[in-house]
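See structure below.
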Amino acid sequence: MITQRRLAIAFAILLAGCAREGPGGGFAAAGFRPDNPFANPSPLFDQAPPFDRIRDADLQPAMEEGMRRQLAEIDAIASDTAAPTFDNTIVAMERSGQLLSRVDKVFFGLTAANMDDTLQRIQTDEAPRLAAHNDAIYLDAKLFQRVKRLYDDRLNLGLDAVQGFLLERYYRDFVRAGALLSDSDKAKLKALNLEESKLTTDFEKRLLAATKAGAGVVDDSTQLAGLSAGELAAAAQAAKDRGLTGKWVLPLQNTTQQPAQASLTNRALRQKLFEASTLRAEHNDSNDTRAGIKRLAQLRAEKAKLLGYPDYAAYVEADQMAKTPEAAIKLLTDLVPATVAKARSEAAAMQQLIDAQHGGFKLQPWDWQYYAEQVRKAKYALDESQIKPYFVLDSVLQNGVFFTANKLYGLTFKERHDIPVYQPDVRVFEVFDADGSSMGLWYCDYFKRDNKSGGAWEDTFVDGSGLMGTKPVVYNVANFTKPAPGQPALLTFDDVTTMFHEFGHALHQLMGGKVEYPRLAGTNVPRDFVEMPSQFNEHWALHPEVFAHYARHYQTGAPMPADLVAKIRRTTTFDQGFATTEYLAAALLDLAWHTLPVGERPVDVDAFETQALRRYGVDLPLVPPRYRTSYFSHIWSGGYAAGYYAYIWSEVIDADAYAWFLEHGGLTRENGQRFRDMILARGGSGDVAVMYRAFRGRDPEIGPLLENRGLTGGTGSTR
């Protein structure tokens, strides 16, 4: 199949073949052998990757051979002398590239979650080749003419609604990839795609190294006052893993603010950790990302202009629910006044506390988490140390995440110990439908490692599809603090929410994996809708029936006391001025970079960032963006360029959907089945706005989001 992943990464200078005739015609790529673990579909359950057989050395030959075979398959489609039909052109393309799909899904999974030097070298080698490979397909004039002939005659082909939608999707994919350009402009686009692939790979490499190097190293445990015994043990273990005997390490998360700042009493260490985080990729060394970022922003603008758009954001949004960057910016900036006002009032409350304690200093950004926690303790008599003992990872998973999926959709889960994994911390579960039939596999990889990218995400090792006869093999990855040996994995409530969020993506994959065509299956939906099912699933984390089922003390098994639960509920809108402001700042920063026209290349990345935040009214020194430009991996290498706004756009929809559930009885199988049938199980097989309207009976309204975040200024108007 031709996947959007390869469209985004951009195919390929093939190695000169030798030796052996390959199934696709011609000769096999150098180094590719019949016993390569990717040569055929995995013999394991649901074609799960045979990680016990896969070695780094297997990946590059398989990727090269996969590209070679897919080009041969595409050439056969393009050169077919028979008139184009839906089957011999569109379905044939859907079936192409199976070897490449097998290997690149494993490769991208490993480079994100378990990087090593060899994988990094392969990534550097193959990124431009994959970009060229993608262009070789989407800029093939003969192939496009077949697609265009079908598209022009689509009303006379007798296609059903899903087939018609798929044909239109393919035509748009080709046009957006440059199929209508002149030969000279195609050559320019290929060069830009090649350069972009190199720059995004270089950014990933630099940021991974910068994040590791930026970790806080502490020589004296007294500086870590405020951390729990479990957190101290984890910091000691992190140091031991790096060979730093007698020290403690606080690894950096990918976000600006660091979790430890909420409890560290040592103000100097809080400042050191904050500055290490915000400046991690700005030391004018080999890990500095800023020069590459400036060029990335400009070449994306050049690409957009070639394709007929004023800027890159206009190019991206044209294929999203938002349709224009102006619509995305309006949603964000409409929220700014109320959000910033709330953040300022939160800061004032913290300054009052500092003054009452005779602190003698003005609140700084590295103080925010610490004093927000102090205000929460004072206002709600609640602190993180009280609630973490009730959030044990396995209970959250089994009695929270899985319990909810069972109540809503009838799913059950069985851990599999016979499926090989790529790292010992990874677990695998088989997922069963309400009728007892097996739906696929789900992997979870939850703990922070230095060779793992920051943040949390979902993806697949195998895509589900009716056409291909495959079931989804899905995985979730996060970066929770790994406990020391023998200690329980205790989570923050943010971690709990992350588990529910990423599993929402997994549900979308599992249920959308029965869609017939791979291009439309699972999470193949617009970027500003893809977060809707995941953020919708977050709501169940605090739903009374669900919460009571998983929030139990790790030592006694006792449920969380009612007064403590009530305190958590009262704090759901606490600090939302800060949380929303840091998000809006990052989302608007993304759009500022990607609305740059050709030729407007900032001399100074930091100055551009400052000016952009000021322009949109989110320049609060106390609340820096959730991601600053230099480590904003979502937009420079994570596929969210001009799309980080999608989280709040999707949140309008998910909050509205959860409100529907509450209006209709909440956590019931009937409600879950309706949501499954009308949203999740349809994947991307239709217009998602139409899907949601059919489910809700109207367009989404912003009121539930404003209520959830404790913001004012909205009256429930339609977005």
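FYI, nothing fancy with the structure tokens labels: chains A, B, ... in order, residues from 1 per chain, ligands from 1 as they appear.
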
>> Let's see if you can do this: from backbone DSSP, list all helix (DSSP H, G or I) residues in stretch 118-330 of chain A, as a PyMOL selection string.
In response: chain A and resi 118-138+141-152+154-156+161-176+183-213+221-224+229-241+259-262+267-278+290-306+312-317+325-330

> Near stretch 416-431 of chain A, within 7 Å and counting only C-alpha atoms, which residues show up once chain neighbours fewer than 2 positions away are dropped, as a PyMOL selection string?
Replying inline: chain A and resi 50-52+411-414+433+438-445

Just-selected residues, all heavy atoms written as a CSV table (one decimal), in the first residue's frame:
chain,number,residue,atom,x,y,z
A,50,PRO,N,8.8,-10.5,14.3
A,50,PRO,CA,9.6,-11.4,15.1
A,50,PRO,C,10.9,-10.8,15.7
A,50,PRO,O,12.0,-11.0,15.2
A,50,PRO,CB,10.0,-12.4,14.0
A,50,PRO,CG,10.0,-11.6,12.7
A,50,PRO,CD,9.0,-10.6,12.9
A,51,PHE,N,10.7,-10.0,16.7
A,51,PHE,CA,11.8,-9.2,17.3
A,51,PHE,C,12.9,-10.1,17.8
A,51,PHE,O,14.1,-9.7,17.9
A,51,PHE,CB,11.3,-8.3,18.4
A,51,PHE,CG,10.5,-7.1,17.9
A,51,PHE,CD1,9.2,-7.0,18.2
A,51,PHE,CD2,11.2,-6.1,17.2
A,51,PHE,CE1,8.5,-5.9,17.7
A,51,PHE,CE2,10.5,-5.0,16.7
A,51,PHE,CZ,9.2,-4.9,17.0
A,52,ASP,N,12.6,-11.4,18.1
A,52,ASP,CA,13.7,-12.3,18.5
A,52,ASP,C,14.6,-12.7,17.3
A,52,ASP,O,15.7,-13.1,17.6
A,52,ASP,CB,13.1,-13.6,19.1
A,52,ASP,CG,12.1,-14.3,18.2
A,52,ASP,OD1,11.5,-13.6,17.2
A,52,ASP,OD2,11.9,-15.5,18.4
A,411,LEU,N,-14.8,-5.1,25.0
A,411,LEU,CA,-13.5,-5.7,24.7
A,411,LEU,C,-12.9,-6.4,26.0
A,411,LEU,O,-13.1,-5.9,27.1
A,411,LEU,CB,-12.5,-4.6,24.3
A,411,LEU,CG,-12.9,-3.8,23.1
A,411,LEU,CD1,-11.7,-2.9,22.6
A,411,LEU,CD2,-13.4,-4.6,21.9
A,412,THR,N,-12.1,-7.4,25.8
A,412,THR,CA,-11.4,-8.0,26.9
A,412,THR,C,-9.9,-8.2,26.4
A,412,THR,O,-9.6,-8.2,25.2
A,412,THR,CB,-12.0,-9.4,27.3
A,412,THR,OG1,-12.1,-10.2,26.1
A,412,THR,CG2,-13.3,-9.2,27.9
A,413,PHE,N,-9.0,-8.5,27.4
A,413,PHE,CA,-7.6,-8.5,27.1
A,413,PHE,C,-6.9,-9.6,27.8
A,413,PHE,O,-7.2,-9.9,29.0
A,413,PHE,CB,-7.0,-7.1,27.5
A,413,PHE,CG,-7.6,-5.9,27.0
A,413,PHE,CD1,-8.8,-5.4,27.6
A,413,PHE,CD2,-7.2,-5.3,25.8
A,413,PHE,CE1,-9.4,-4.3,27.0
A,413,PHE,CE2,-7.8,-4.2,25.3
A,413,PHE,CZ,-8.9,-3.7,25.9
A,414,LYS,N,-5.9,-10.2,27.1
A,414,LYS,CA,-5.2,-11.3,27.7
A,414,LYS,C,-3.7,-11.1,27.4
A,414,LYS,O,-3.3,-10.9,26.2
A,414,LYS,CB,-5.6,-12.7,27.1
A,414,LYS,CG,-4.8,-13.8,27.6
A,414,LYS,CD,-5.2,-15.1,27.0
A,414,LYS,CE,-4.3,-16.3,27.4
A,414,LYS,NZ,-4.7,-17.6,26.8
A,433,ASP,N,-12.9,-9.1,21.0
A,433,ASP,CA,-14.2,-8.4,20.8
A,433,ASP,C,-15.3,-9.0,21.8
A,433,ASP,O,-15.0,-10.1,22.4
A,433,ASP,CB,-14.6,-8.5,19.4
A,433,ASP,CG,-15.4,-7.2,19.0
A,433,ASP,OD1,-15.9,-6.5,19.9
A,433,ASP,OD2,-15.5,-6.9,17.8
A,438,SER,N,-10.9,-12.6,18.2
A,438,SER,CA,-9.6,-11.9,18.4
A,438,SER,C,-9.6,-10.7,17.4
A,438,SER,O,-9.8,-10.9,16.2
A,438,SER,CB,-8.4,-12.8,18.2
A,438,SER,OG,-7.2,-12.1,18.3
A,439,MET,N,-9.3,-9.5,18.0
A,439,MET,CA,-9.3,-8.3,17.1
A,439,MET,C,-7.9,-7.9,16.7
A,439,MET,O,-7.7,-7.2,15.7
A,439,MET,CB,-9.9,-7.1,17.9
A,439,MET,CG,-11.4,-7.3,18.2
A,439,MET,SD,-12.0,-5.8,19.1
A,439,MET,CE,-11.8,-4.5,17.9
A,440,GLY,N,-6.9,-8.3,17.5
A,440,GLY,CA,-5.5,-7.9,17.2
A,440,GLY,C,-4.7,-7.9,18.4
A,440,GLY,O,-5.0,-8.4,19.5
A,441,LEU,N,-3.5,-7.3,18.3
A,441,LEU,CA,-2.5,-7.2,19.4
A,441,LEU,C,-2.3,-5.8,19.8
A,441,LEU,O,-2.3,-4.9,19.0
A,441,LEU,CB,-1.2,-7.9,19.0
A,441,LEU,CG,-1.2,-9.4,18.8
A,441,LEU,CD1,0.1,-9.9,18.3
A,441,LEU,CD2,-1.6,-10.2,20.1
A,442,TRP,N,-2.0,-5.6,21.1
A,442,TRP,CA,-1.6,-4.3,21.6
A,442,TRP,C,-0.4,-4.4,22.5
A,442,TRP,O,-0.3,-5.2,23.4
A,442,TRP,CB,-2.8,-3.7,22.4
A,442,TRP,CG,-2.5,-2.3,23.0
A,442,TRP,CD1,-2.4,-1.1,22.4
A,442,TRP,CD2,-2.2,-2.1,24.4
A,442,TRP,NE1,-2.1,-0.1,23.3
A,442,TRP,CE2,-2.0,-0.7,24.5
A,442,TRP,CE3,-2.1,-2.9,25.5
A,442,TRP,CZ2,-1.7,-0.1,25.7
A,442,TRP,CZ3,-1.8,-2.3,26.7
A,442,TRP,CH2,-1.6,-0.9,26.8
A,443,TYR,N,0.6,-3.5,22.2
A,443,TYR,CA,1.9,-3.5,23.0
A,443,TYR,C,1.9,-2.2,23.8
A,443,TYR,O,1.4,-1.2,23.3
A,443,TYR,CB,3.1,-3.4,22.1
A,443,TYR,CG,3.4,-4.6,21.2
A,443,TYR,CD1,2.4,-5.1,20.3
A,443,TYR,CD2,4.6,-5.3,21.2
A,443,TYR,CE1,2.7,-6.2,19.4
A,443,TYR,CE2,4.9,-6.3,20.3
A,443,TYR,CZ,3.9,-6.8,19.4
A,443,TYR,OH,4.2,-7.8,18.6
A,444,CYS,N,2.5,-2.2,25.0
A,444,CYS,CA,2.8,-1.0,25.7
A,444,CYS,C,4.2,-0.9,26.2
A,444,CYS,O,4.8,-1.9,26.6
A,444,CYS,CB,1.8,-0.9,26.9
A,444,CYS,SG,1.8,-2.2,28.1
A,445,ASP,N,4.8,0.2,26.0
A,445,ASP,CA,6.2,0.5,26.4
A,445,ASP,C,6.2,1.8,27.1
A,445,ASP,O,6.3,2.9,26.5
A,445,ASP,CB,7.0,0.6,25.1
A,445,ASP,CG,8.5,0.9,25.3
A,445,ASP,OD1,8.9,1.0,26.5
A,445,ASP,OD2,9.2,1.1,24.3

>> as number ranges by chain, please: every residue in stretch 213-349 of chain A that DSSP puts in strand (DSSP E).
In response: A: 216-218, 248-250

> What is the atom CA of A:Ala112-atom CA of A:Gln298 distance in Å, reported with one decimal?
Replying inline: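 Rounded to one decimal, the two atoms are 25.7 Å apart.
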
Residue contacts of A:Gln261 (9 Å, only C-alpha atoms) excluding same-chain residues fewer than 5 positions away, as a PDB file with N, CA, C and O atoms, in the first residue's frame:
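Wrote out38.pdb, looks like this:
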ATOM      1  N   ARG A 267      15.460  25.801  45.340  1.00  0.00           N
ATOM      2  CA  ARG A 267      15.101  26.713  44.241  1.00  0.00           C
ATOM      3  C   ARG A 267      16.196  26.789  43.185  1.00  0.00           C
ATOM      4  O   ARG A 267      15.922  26.893  41.981  1.00  0.00           O
ATOM      5  N   LEU A 269      18.195  24.438  42.240  1.00  0.00           N
ATOM      6  CA  LEU A 269      18.131  23.250  41.394  1.00  0.00           C
ATOM      7  C   LEU A 269      16.933  23.331  40.453  1.00  0.00           C
ATOM      8  O   LEU A 269      17.019  22.905  39.298  1.00  0.00           O
ATOM      9  N   ARG A 270      15.820  23.891  40.932  1.00  0.00           N
ATOM     10  CA  ARG A 270      14.674  24.082  40.036  1.00  0.00           C
ATOM     11  C   ARG A 270      15.068  24.973  38.858  1.00  0.00           C
ATOM     12  O   ARG A 270      14.736  24.686  37.699  1.00  0.00           O
ATOM     13  N   GLN A 271      15.788  26.044  39.156  1.00  0.00           N
ATOM     14  CA  GLN A 271      16.219  26.955  38.094  1.00  0.00           C
ATOM     15  C   GLN A 271      17.185  26.252  37.143  1.00  0.00           C
ATOM     16  O   GLN A 271      17.079  26.385  35.918  1.00  0.00           O
ATOM     17  N   LEU A 273      17.375  23.085  36.465  1.00  0.00           N
ATOM     18  CA  LEU A 273      16.647  22.106  35.669  1.00  0.00           C
ATOM     19  C   LEU A 273      15.838  22.803  34.566  1.00  0.00           C
ATOM     20  O   LEU A 273      15.804  22.347  33.415  1.00  0.00           O
ATOM     21  N   PHE A 274      15.193  23.921  34.924  1.00  0.00           N
ATOM     22  CA  PHE A 274      14.407  24.680  33.947  1.00  0.00           C
ATOM     23  C   PHE A 274      15.300  25.197  32.821  1.00  0.00           C
ATOM     24  O   PHE A 274      14.964  25.087  31.635  1.00  0.00           O
ATOM     25  N   TRP A 366      10.566  28.859  36.725  1.00  0.00           N
ATOM     26  CA  TRP A 366      10.993  27.604  37.359  1.00  0.00           C
ATOM     27  C   TRP A 366      10.350  27.404  38.735  1.00  0.00           C
ATOM     28  O   TRP A 366      10.474  26.351  39.333  1.00  0.00           O
ATOM     29  N   ASP A 367       9.653  28.438  39.212  1.00  0.00           N
ATOM     30  CA  ASP A 367       8.931  28.325  40.478  1.00  0.00           C
ATOM     31  C   ASP A 367       7.479  27.893  40.278  1.00  0.00           C
ATOM     32  O   ASP A 367       6.808  27.529  41.261  1.00  0.00           O
ATOM     33  N   TRP A 368       6.974  28.003  39.044  1.00  0.00           N
ATOM     34  CA  TRP A 368       5.526  27.852  38.844  1.00  0.00           C
ATOM     35  C   TRP A 368       5.016  26.506  39.343  1.00  0.00           C
ATOM     36  O   TRP A 368       4.057  26.439  40.114  1.00  0.00           O
ATOM     37  N   GLN A 369       5.631  25.421  38.912  1.00  0.00           N
ATOM     38  CA  GLN A 369       5.140  24.099  39.312  1.00  0.00           C
ATOM     39  C   GLN A 369       5.174  23.920  40.830  1.00  0.00           C
ATOM     40  O   GLN A 369       4.237  23.383  41.430  1.00  0.00           O
ATOM     41  N   TYR A 370       6.253  24.399  41.445  1.00  0.00           N
ATOM     42  CA  TYR A 370       6.410  24.222  42.889  1.00  0.00           C
ATOM     43  C   TYR A 370       5.340  24.992  43.658  1.00  0.00           C
ATOM     44  O   TYR A 370       4.674  24.437  44.547  1.00  0.00           O
TER      45      TYR A 370
END

>> Report as a list in words all protein, DNA and RNA residues lying within 10 Å of stretch 75-80 of chain A, evaluated on only C-alpha atoms, omitting residues in the same chain fewer than 4 positions from it.
In response: Gly24, Arg69, Gln70, Leu71, Pro84, Asn88, Thr89, Ile90, Ala92, Met93, Ser96, Ile137, Asp140, Ala141, Lys142, Leu143, Phe144, Gln145, Arg146 and Val147 of chain A

>> Can you pull out the residues contacting A:Val401? Cut-off 10 Å, using only C-alpha atoms, and skip same-chain residues under 2 positions away; I want them as a ChimeraX atom specification.
In response: /A:394-399,403-406,496-497,499-501,503-504,537-538,540-541,546,550

Produce a file of the selected residues containing N, CA, C and O atoms, as a short mmCIF file (atom, residue, chain, number, x, y, z; two decimals), in the first residue's frame.
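See again00.cif below for the written result:
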data_model
loop_
_atom_site.label_atom_id
_atom_site.label_comp_id
_atom_site.auth_asym_id
_atom_site.auth_seq_id
_atom_site.Cartn_x
_atom_site.Cartn_y
_atom_site.Cartn_z
N ASP A 394 -0.16 -0.83 36.88
CA ASP A 394 -0.89 -2.01 36.41
C ASP A 394 -2.37 -1.94 36.74
O ASP A 394 -3.22 -2.40 35.97
N SER A 395 -2.71 -1.32 37.88
CA SER A 395 -4.12 -1.16 38.21
C SER A 395 -4.80 -0.16 37.28
O SER A 395 -5.93 -0.37 36.83
N VAL A 396 -4.08 0.93 36.97
CA VAL A 396 -4.63 1.90 36.01
C VAL A 396 -4.90 1.21 34.68
O VAL A 396 -5.94 1.43 34.05
N LEU A 397 -3.95 0.37 34.26
CA LEU A 397 -4.10 -0.33 32.98
C LEU A 397 -5.26 -1.33 33.02
O LEU A 397 -6.19 -1.25 32.20
N GLN A 398 -5.20 -2.26 33.98
CA GLN A 398 -6.17 -3.35 34.00
C GLN A 398 -7.56 -2.89 34.46
O GLN A 398 -8.58 -3.24 33.86
N ASN A 399 -7.58 -2.11 35.55
CA ASN A 399 -8.85 -1.75 36.18
C ASN A 399 -9.39 -0.40 35.74
O ASN A 399 -10.48 -0.01 36.15
N PHE A 403 -10.83 -1.76 31.72
CA PHE A 403 -12.18 -1.80 32.28
C PHE A 403 -13.12 -0.90 31.46
O PHE A 403 -14.25 -1.30 31.12
N THR A 404 -12.67 0.30 31.13
CA THR A 404 -13.48 1.23 30.35
C THR A 404 -13.78 0.67 28.97
O THR A 404 -14.92 0.74 28.48
N ALA A 405 -12.76 0.10 28.33
CA ALA A 405 -12.95 -0.46 27.00
C ALA A 405 -13.94 -1.63 27.04
O ALA A 405 -14.69 -1.86 26.08
N ASN A 406 -13.95 -2.35 28.14
CA ASN A 406 -14.91 -3.45 28.28
C ASN A 406 -16.33 -2.91 28.47
O ASN A 406 -17.28 -3.39 27.84
N VAL A 496 -1.66 9.09 34.27
CA VAL A 496 -2.90 8.30 34.11
C VAL A 496 -3.65 8.77 32.87
O VAL A 496 -4.09 7.97 32.04
N THR A 497 -3.79 10.08 32.75
CA THR A 497 -4.50 10.64 31.60
C THR A 497 -3.80 10.28 30.30
O THR A 497 -4.45 9.98 29.29
N MET A 499 -2.12 7.56 29.69
CA MET A 499 -2.45 6.17 29.36
C MET A 499 -3.81 6.06 28.68
O MET A 499 -3.96 5.36 27.67
N PHE A 500 -4.79 6.76 29.22
CA PHE A 500 -6.12 6.75 28.60
C PHE A 500 -6.06 7.38 27.21
O PHE A 500 -6.69 6.89 26.27
N HIS A 501 -5.32 8.46 27.07
CA HIS A 501 -5.22 9.16 25.79
C HIS A 501 -4.66 8.25 24.70
O HIS A 501 -5.27 8.08 23.64
N PHE A 503 -4.34 5.11 24.61
CA PHE A 503 -5.16 3.94 24.34
C PHE A 503 -6.38 4.32 23.50
O PHE A 503 -6.91 3.48 22.76
N GLY A 504 -6.81 5.57 23.57
CA GLY A 504 -7.88 6.04 22.68
C GLY A 504 -7.46 5.94 21.23
O GLY A 504 -8.26 5.55 20.36
N ASN A 537 -11.21 9.64 25.04
CA ASN A 537 -10.97 8.54 25.98
C ASN A 537 -10.41 9.03 27.31
O ASN A 537 -10.58 8.39 28.34
N GLU A 538 -9.75 10.20 27.30
CA GLU A 538 -9.22 10.77 28.54
C GLU A 538 -10.33 11.04 29.56
O GLU A 538 -10.10 10.94 30.78
N TRP A 540 -12.75 9.44 30.54
CA TRP A 540 -13.16 8.32 31.41
C TRP A 540 -12.21 8.13 32.59
O TRP A 540 -12.57 7.45 33.56
N ALA A 541 -11.03 8.74 32.54
CA ALA A 541 -10.08 8.57 33.64
C ALA A 541 -10.64 9.08 34.96
O ALA A 541 -10.30 8.57 36.02
N VAL A 546 -15.33 4.46 36.69
CA VAL A 546 -14.00 4.02 36.26
C VAL A 546 -12.97 4.33 37.33
O VAL A 546 -12.17 3.47 37.73
N TYR A 550 -10.10 1.73 39.55
CA TYR A 550 -8.64 1.58 39.45
C TYR A 550 -7.85 2.33 40.53
O TYR A 550 -6.70 1.99 40.80
#

> atom CA of A:Ala657 and atom CA of A:Met532 are how many Å apart?
Replying inline: 9.1 Å

Can you list, as an mmCIF file with N, CA and C atoms, in the first residue's frame, every protein, DNA or RNA residue that comes within 9 Å of A:Gln47 when you count only C-alpha atoms, leaving out same-chain residues fewer than 6 positions away?
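Once written, part.cif looks like this:
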data_model
loop_
_atom_site.group_PDB
_atom_site.id
_atom_site.type_symbol
_atom_site.label_atom_id
_atom_site.label_comp_id
_atom_site.auth_asym_id
_atom_site.auth_seq_id
_atom_site.Cartn_x
_atom_site.Cartn_y
_atom_site.Cartn_z
ATOM 1 N N PRO A 41 5.616 -12.261 5.165
ATOM 2 C CA PRO A 41 4.834 -11.893 6.347
ATOM 3 C C PRO A 41 5.257 -12.724 7.544
ATOM 4 N N PHE A 461 2.524 -1.757 14.182
ATOM 5 C CA PHE A 461 3.494 -2.616 13.496
ATOM 6 C C PHE A 461 2.841 -3.292 12.300
ATOM 7 N N VAL A 462 1.536 -3.501 12.375
ATOM 8 C CA VAL A 462 0.753 -4.047 11.265
ATOM 9 C C VAL A 462 -0.556 -3.273 11.210
ATOM 10 N N THR A 470 -5.615 -8.437 7.236
ATOM 11 C CA THR A 470 -4.739 -8.308 8.400
ATOM 12 C C THR A 470 -5.488 -7.683 9.565
ATOM 13 N N LYS A 471 -5.041 -8.031 10.770
ATOM 14 C CA LYS A 471 -5.580 -7.430 11.985
ATOM 15 C C LYS A 471 -4.553 -6.437 12.535
ATOM 16 N N VAL A 473 -1.894 -4.591 14.684
ATOM 17 C CA VAL A 473 -0.901 -4.820 15.735
ATOM 18 C C VAL A 473 -0.428 -3.429 16.145
#
